[in-house]
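Each remark here refers to the structure printed beneath this line.
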Amino acid sequence: MFIQTESTPNPATLKFLPGQTVLEVGTADFPTEEAAQASPLAKRIFATGNVTGVFFGIDFVTVTKADDVEWDHIKPAILGAVMEHYQSGASVMGADHQPVSGHAEHTGEDGEIVGQIKELLDTRVRPAVAQDGGDITFHGFDRGIVYLHMQGACAGCPSSTLTLKMGIENLLRHYIPEVVEVRPVAA
């Protein structure tokens with residue numbers, strides 16, 4: 001088994017490509033070691049030490065490291081953990097895992113606008129940020145302001161504010177006149 005790695009725009013996050021499917025559908029975010037208990041693979045990666053976040057996409061795993069450690073010191077252990085997991089035949093997620101779209105539910109009078117926002121995120125934004133090892137999901141819409149949740153390499157990325165304001169906000173405002181602003185939300 002050969003696992004490729006790619007840098008991401010976030011220097012604290014590295015993208016691991018195991019060459020096979022990680023998740024069949026959706027994404028999974030593990031911002032803490034406690035959250036990782038839902039995934040045998042995420043638990044194994046956190047157990048290597050100095051890991052502050054794990055994120056799964058369709059065909060990749062992104063790992064966020066502690067600020068006080070260099071990639072050269074922890075990358076071999078993470079590669080080993082991923083390889084051991086896939087060679088063991090264990091599942092990536094626990095048996096009770098239910099795949100989700102990642103978007104928050106929205107009920108109310110702005111349902112049509114929210115549907116358009118989610119559609120644009122799914123078709124134009126999420127595939128692009130997945131290339132960088134992350135995900136951006138809909139969190140809410142209130143009085144023209146779209147609230148988005150940033151995950152994986154996008155969370156804490158130095159260029160995420162620029163991506164939100166210059167990229168996503170401009171895209172949404174162009175197609176949906178009701179959108180005035182885009183703001184990030186914490187997990």
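Naming works like this for the structure tokens: A, B, ... for the chains as they're shown, residue 1 at the start of each chain, ligands 1 onward in shown order.
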
- [ ] Name all residues at most 8 Å from range 25-40 of chain A (count only C-alpha atoms; drop same-chain ones fewer than 5 positions away) and give them as a VMD selection string.
- [x] chain A and resid 46 52 to 58 90 to 94 97 99 to 102 135 151 to 152

Emit the selected residues as a short mmCIF file (atom, residue, chain, number, x, y, z; two decimals), in the first residue's frame, including N, CA, C and O atoms.
```cif
data_model
loop_
_atom_site.label_atom_id
_atom_site.label_comp_id
_atom_site.auth_asym_id
_atom_site.auth_seq_id
_atom_site.Cartn_x
_atom_site.Cartn_y
_atom_site.Cartn_z
N PHE A 46 -5.16 9.77 16.20
CA PHE A 46 -4.97 10.58 17.41
C PHE A 46 -3.97 9.92 18.36
O PHE A 46 -3.21 10.59 19.05
N THR A 52 -4.26 17.33 16.55
CA THR A 52 -5.35 18.14 17.13
C THR A 52 -6.65 18.05 16.35
O THR A 52 -7.65 18.60 16.76
N GLY A 53 -6.63 17.37 15.19
CA GLY A 53 -7.85 17.21 14.42
C GLY A 53 -7.66 16.22 13.29
O GLY A 53 -6.56 16.09 12.74
N VAL A 54 -8.74 15.50 12.97
CA VAL A 54 -8.75 14.55 11.86
C VAL A 54 -10.04 14.79 11.09
O VAL A 54 -11.09 15.01 11.68
N PHE A 55 -9.94 14.74 9.76
CA PHE A 55 -11.10 14.97 8.90
C PHE A 55 -11.06 13.96 7.76
O PHE A 55 -10.01 13.72 7.18
N PHE A 56 -12.22 13.34 7.46
CA PHE A 56 -12.31 12.37 6.36
C PHE A 56 -13.15 12.93 5.23
O PHE A 56 -14.23 13.47 5.45
N GLY A 57 -12.67 12.75 4.01
CA GLY A 57 -13.43 13.01 2.80
C GLY A 57 -13.67 11.68 2.08
O GLY A 57 -13.42 10.61 2.64
N ILE A 58 -14.12 11.76 0.85
CA ILE A 58 -14.41 10.54 0.08
C ILE A 58 -13.14 9.69 -0.09
O ILE A 58 -13.16 8.50 0.11
N ALA A 90 -10.23 -3.31 9.28
CA ALA A 90 -11.24 -2.68 10.14
C ALA A 90 -11.98 -1.59 9.37
O ALA A 90 -11.46 -1.03 8.41
N SER A 91 -13.19 -1.28 9.81
CA SER A 91 -13.96 -0.23 9.15
C SER A 91 -13.42 1.14 9.57
O SER A 91 -12.82 1.29 10.63
N VAL A 92 -13.65 2.12 8.72
CA VAL A 92 -13.21 3.48 9.00
C VAL A 92 -14.07 4.10 10.09
O VAL A 92 -13.57 4.78 10.99
N MET A 93 -15.37 3.85 10.02
CA MET A 93 -16.32 4.41 10.98
C MET A 93 -16.94 3.30 11.81
O MET A 93 -17.05 2.16 11.35
N GLY A 94 -17.38 3.66 13.01
CA GLY A 94 -18.07 2.70 13.87
C GLY A 94 -19.38 2.25 13.24
O GLY A 94 -19.91 2.89 12.33
N HIS A 97 -22.43 4.70 12.67
CA HIS A 97 -22.24 5.92 11.88
C HIS A 97 -23.32 6.05 10.81
O HIS A 97 -23.57 5.12 10.05
N PRO A 99 -24.17 8.46 7.57
CA PRO A 99 -23.64 9.55 6.74
C PRO A 99 -24.63 10.71 6.66
O PRO A 99 -25.84 10.51 6.65
N VAL A 100 -24.09 11.91 6.66
CA VAL A 100 -24.92 13.11 6.58
C VAL A 100 -24.35 14.03 5.51
O VAL A 100 -23.19 13.93 5.13
N SER A 101 -25.17 14.96 5.04
CA SER A 101 -24.72 15.89 4.01
C SER A 101 -23.75 16.91 4.56
O SER A 101 -23.01 17.53 3.84
N GLY A 102 -23.80 17.10 5.88
CA GLY A 102 -22.94 18.09 6.49
C GLY A 102 -23.64 19.43 6.69
O GLY A 102 -23.23 20.22 7.51
N ASP A 135 -13.61 21.07 4.02
CA ASP A 135 -15.02 21.13 3.65
C ASP A 135 -15.63 22.39 4.25
O ASP A 135 -15.17 22.89 5.28
N GLN A 151 -14.31 23.05 7.98
CA GLN A 151 -13.81 21.81 8.57
C GLN A 151 -12.52 21.38 7.88
O GLN A 151 -12.21 21.79 6.77
N GLY A 152 -11.83 20.46 8.54
CA GLY A 152 -10.60 19.91 7.96
C GLY A 152 -9.55 20.98 7.80
O GLY A 152 -9.33 21.79 8.70
#
```

- [ ] Give the strand (DSSP E) residues of chain A, as DSSP finds them on the backbone, and put them as a ChimeraX atom specification.
- [x] /A:4-7,13-17,28-30,51-56,61-65,134-142,145-152,181-185

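Closest approach to Thr163 in chain A among A:Leu120, A:Ile145, A:Ala128, A:Val185: A:Ala128, based on only C-alpha atoms.
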
Task: range 70-79 of chain A environment, 6 Å, only C-alpha atoms, sequence neighbours closer than 2 positions dropped, as a list in words - done: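 These residues fall inside the cut-off: Ile45, Ala81 and Val82 of chain A.
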
Now that the selection is made, can you save its residues with N, CA and C atoms as a compact mmCIF listing (two decimals), in the first residue's frame?
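Output below, filename part.txt:
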```
# COMPACT_ATOMS: atom_id res chain seq x y z
N ILE A 45 -5.19 7.45 14.57
CA ILE A 45 -4.38 8.62 14.19
C ILE A 45 -4.13 9.52 15.40
N ALA A 81 0.03 4.57 11.01
CA ALA A 81 -1.30 4.32 11.58
C ALA A 81 -2.34 4.11 10.48
N VAL A 82 -2.27 4.91 9.43
CA VAL A 82 -3.22 4.78 8.32
C VAL A 82 -3.00 3.44 7.61
```

Open item on the list: If we count only C-alpha atoms and set the cut-off at 10 Å, which residues sit around Asn170 in chain A, ignoring sequence neighbours fewer than 5 positions away in its own chain? Please answer as a PyMOL selection string.
Closed with: chain A and resi 163-165+175-176+179-182

Put those residues in a file: all heavy atoms, as a JSON list (two decimals), in the first residue's frame.
```
[["chain", "number", "residue", "atom", "x", "y", "z"],
["A", 163, "THR", "N", -10.78, 33.26, 1.32],
["A", 163, "THR", "CA", -11.63, 32.34, 0.57],
["A", 163, "THR", "C", -13.10, 32.65, 0.80],
["A", 163, "THR", "O", -13.89, 32.70, -0.14],
["A", 163, "THR", "CB", -11.34, 30.88, 0.98],
["A", 163, "THR", "OG1", -9.98, 30.59, 0.70],
["A", 163, "THR", "CG2", -12.23, 29.90, 0.23],
["A", 164, "LEU", "N", -13.46, 32.88, 2.07],
["A", 164, "LEU", "CA", -14.86, 33.19, 2.39],
["A", 164, "LEU", "C", -15.31, 34.49, 1.76],
["A", 164, "LEU", "O", -16.35, 34.54, 1.11],
["A", 164, "LEU", "CB", -15.05, 33.30, 3.91],
["A", 164, "LEU", "CG", -15.41, 32.06, 4.68],
["A", 164, "LEU", "CD1", -15.59, 32.40, 6.15],
["A", 164, "LEU", "CD2", -16.65, 31.40, 4.15],
["A", 165, "LYS", "N", -14.54, 35.55, 1.96],
["A", 165, "LYS", "CA", -14.97, 36.88, 1.52],
["A", 165, "LYS", "C", -14.87, 37.06, 0.01],
["A", 165, "LYS", "O", -15.79, 37.52, -0.63],
["A", 165, "LYS", "CB", -14.16, 37.97, 2.24],
["A", 165, "LYS", "CG", -14.49, 38.06, 3.72],
["A", 165, "LYS", "CD", -15.92, 38.49, 3.90],
["A", 165, "LYS", "CE", -16.33, 38.57, 5.34],
["A", 165, "LYS", "NZ", -17.73, 38.83, 5.51],
["A", 175, "TYR", "N", -25.16, 34.94, -7.59],
["A", 175, "TYR", "CA", -26.28, 34.09, -7.99],
["A", 175, "TYR", "C", -27.53, 34.29, -7.14],
["A", 175, "TYR", "O", -28.64, 33.98, -7.59],
["A", 175, "TYR", "CB", -25.88, 32.61, -7.92],
["A", 175, "TYR", "CG", -24.96, 32.21, -9.04],
["A", 175, "TYR", "CD1", -23.60, 32.03, -8.82],
["A", 175, "TYR", "CD2", -25.43, 32.03, -10.34],
["A", 175, "TYR", "CE1", -22.74, 31.67, -9.84],
["A", 175, "TYR", "CE2", -24.59, 31.67, -11.37],
["A", 175, "TYR", "CZ", -23.24, 31.49, -11.12],
["A", 175, "TYR", "OH", -22.40, 31.15, -12.14],
["A", 176, "ILE", "N", -27.37, 34.76, -5.92],
["A", 176, "ILE", "CA", -28.51, 34.91, -5.00],
["A", 176, "ILE", "C", -28.49, 36.33, -4.43],
["A", 176, "ILE", "O", -27.77, 36.62, -3.47],
["A", 176, "ILE", "CB", -28.43, 33.86, -3.86],
["A", 176, "ILE", "CG1", -28.27, 32.46, -4.45],
["A", 176, "ILE", "CG2", -29.67, 33.95, -2.98],
["A", 176, "ILE", "CD1", -27.90, 31.40, -3.42],
["A", 179, "VAL", "N", -28.40, 37.32, -0.64],
["A", 179, "VAL", "CA", -27.21, 37.15, 0.19],
["A", 179, "VAL", "C", -26.44, 38.46, 0.26],
["A", 179, "VAL", "O", -26.10, 39.05, -0.76],
["A", 179, "VAL", "CB", -26.30, 36.02, -0.34],
["A", 179, "VAL", "CG1", -24.98, 35.99, 0.42],
["A", 179, "VAL", "CG2", -27.02, 34.67, -0.25],
["A", 180, "VAL", "N", -26.18, 38.94, 1.47],
["A", 180, "VAL", "CA", -25.48, 40.18, 1.71],
["A", 180, "VAL", "C", -24.04, 39.93, 2.16],
["A", 180, "VAL", "O", -23.12, 40.63, 1.78],
["A", 180, "VAL", "CB", -26.22, 41.03, 2.77],
["A", 180, "VAL", "CG1", -25.50, 42.32, 3.06],
["A", 180, "VAL", "CG2", -27.64, 41.30, 2.32],
["A", 181, "GLU", "N", -23.86, 38.91, 3.01],
["A", 181, "GLU", "CA", -22.56, 38.65, 3.60],
["A", 181, "GLU", "C", -22.43, 37.17, 3.95],
["A", 181, "GLU", "O", -23.42, 36.48, 4.14],
["A", 181, "GLU", "CB", -22.43, 39.48, 4.89],
["A", 181, "GLU", "CG", -21.09, 39.40, 5.56],
["A", 181, "GLU", "CD", -21.04, 40.20, 6.87],
["A", 181, "GLU", "OE1", -22.02, 40.89, 7.20],
["A", 181, "GLU", "OE2", -20.00, 40.11, 7.54],
["A", 182, "VAL", "N", -21.18, 36.69, 4.05],
["A", 182, "VAL", "CA", -20.89, 35.34, 4.48],
["A", 182, "VAL", "C", -19.97, 35.42, 5.70],
["A", 182, "VAL", "O", -18.99, 36.17, 5.70],
["A", 182, "VAL", "CB", -20.21, 34.51, 3.37],
["A", 182, "VAL", "CG1", -19.75, 33.17, 3.88],
["A", 182, "VAL", "CG2", -21.16, 34.33, 2.19]]
```

Task: Minimum-distance residue to Ile117 in chain A, chosen among A:Pro177, A:Gly80, A:Gly134, A:Gly89 (using only C-alpha atoms) - done: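 Among the listed residues, A:Pro177 lies closest to Ile117 in chain A.
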
- [ ] Have a look at CA of Val114 in chain A and CA of Arg173 in chain A and let me know their distance in Å, one decimal.
- [x] 12.9 Å

Task: Polymer residues at most 9 Å from range 8-18 of chain A, only C-alpha atoms, same-chain spacing of 3 or more positions, as a PyMOL selection string - done: chain A and resi 1-5+21-22+53+59-67+70-71+75+79+82-83+86+131-134+152-160

- [ ] Enter the distance from CA of Arg143 in chain A to CA of Asp110 in chain A, in Å, rounded to one decimal.
- [x] 9.5 Å

Task: Residue contacts of Thr161 in chain A (9 Å, only C-alpha atoms) excluding same-chain residues fewer than 5 positions away, as a PyMOL selection string - done: chain A and resi 166+183-184

Open item on the list: To test your reading of the structure, identify every residue in range 7-177 of chain A that backbone DSSP assigns to alpha helix (DSSP H), and report it as a ChimeraX atom specification.
Closed with: /A:40-46,71-88,111-120,126-131,160-162,170-175

Open item on the list: I'd like the interatomic distance between CA of Glu6 in chain A and CA of Glu24 in chain A, to a tenth of an Å.
Closed with: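 So the two atoms, CA of Glu6 in chain A and CA of Glu24 in chain A, lie 21.1 Å apart.
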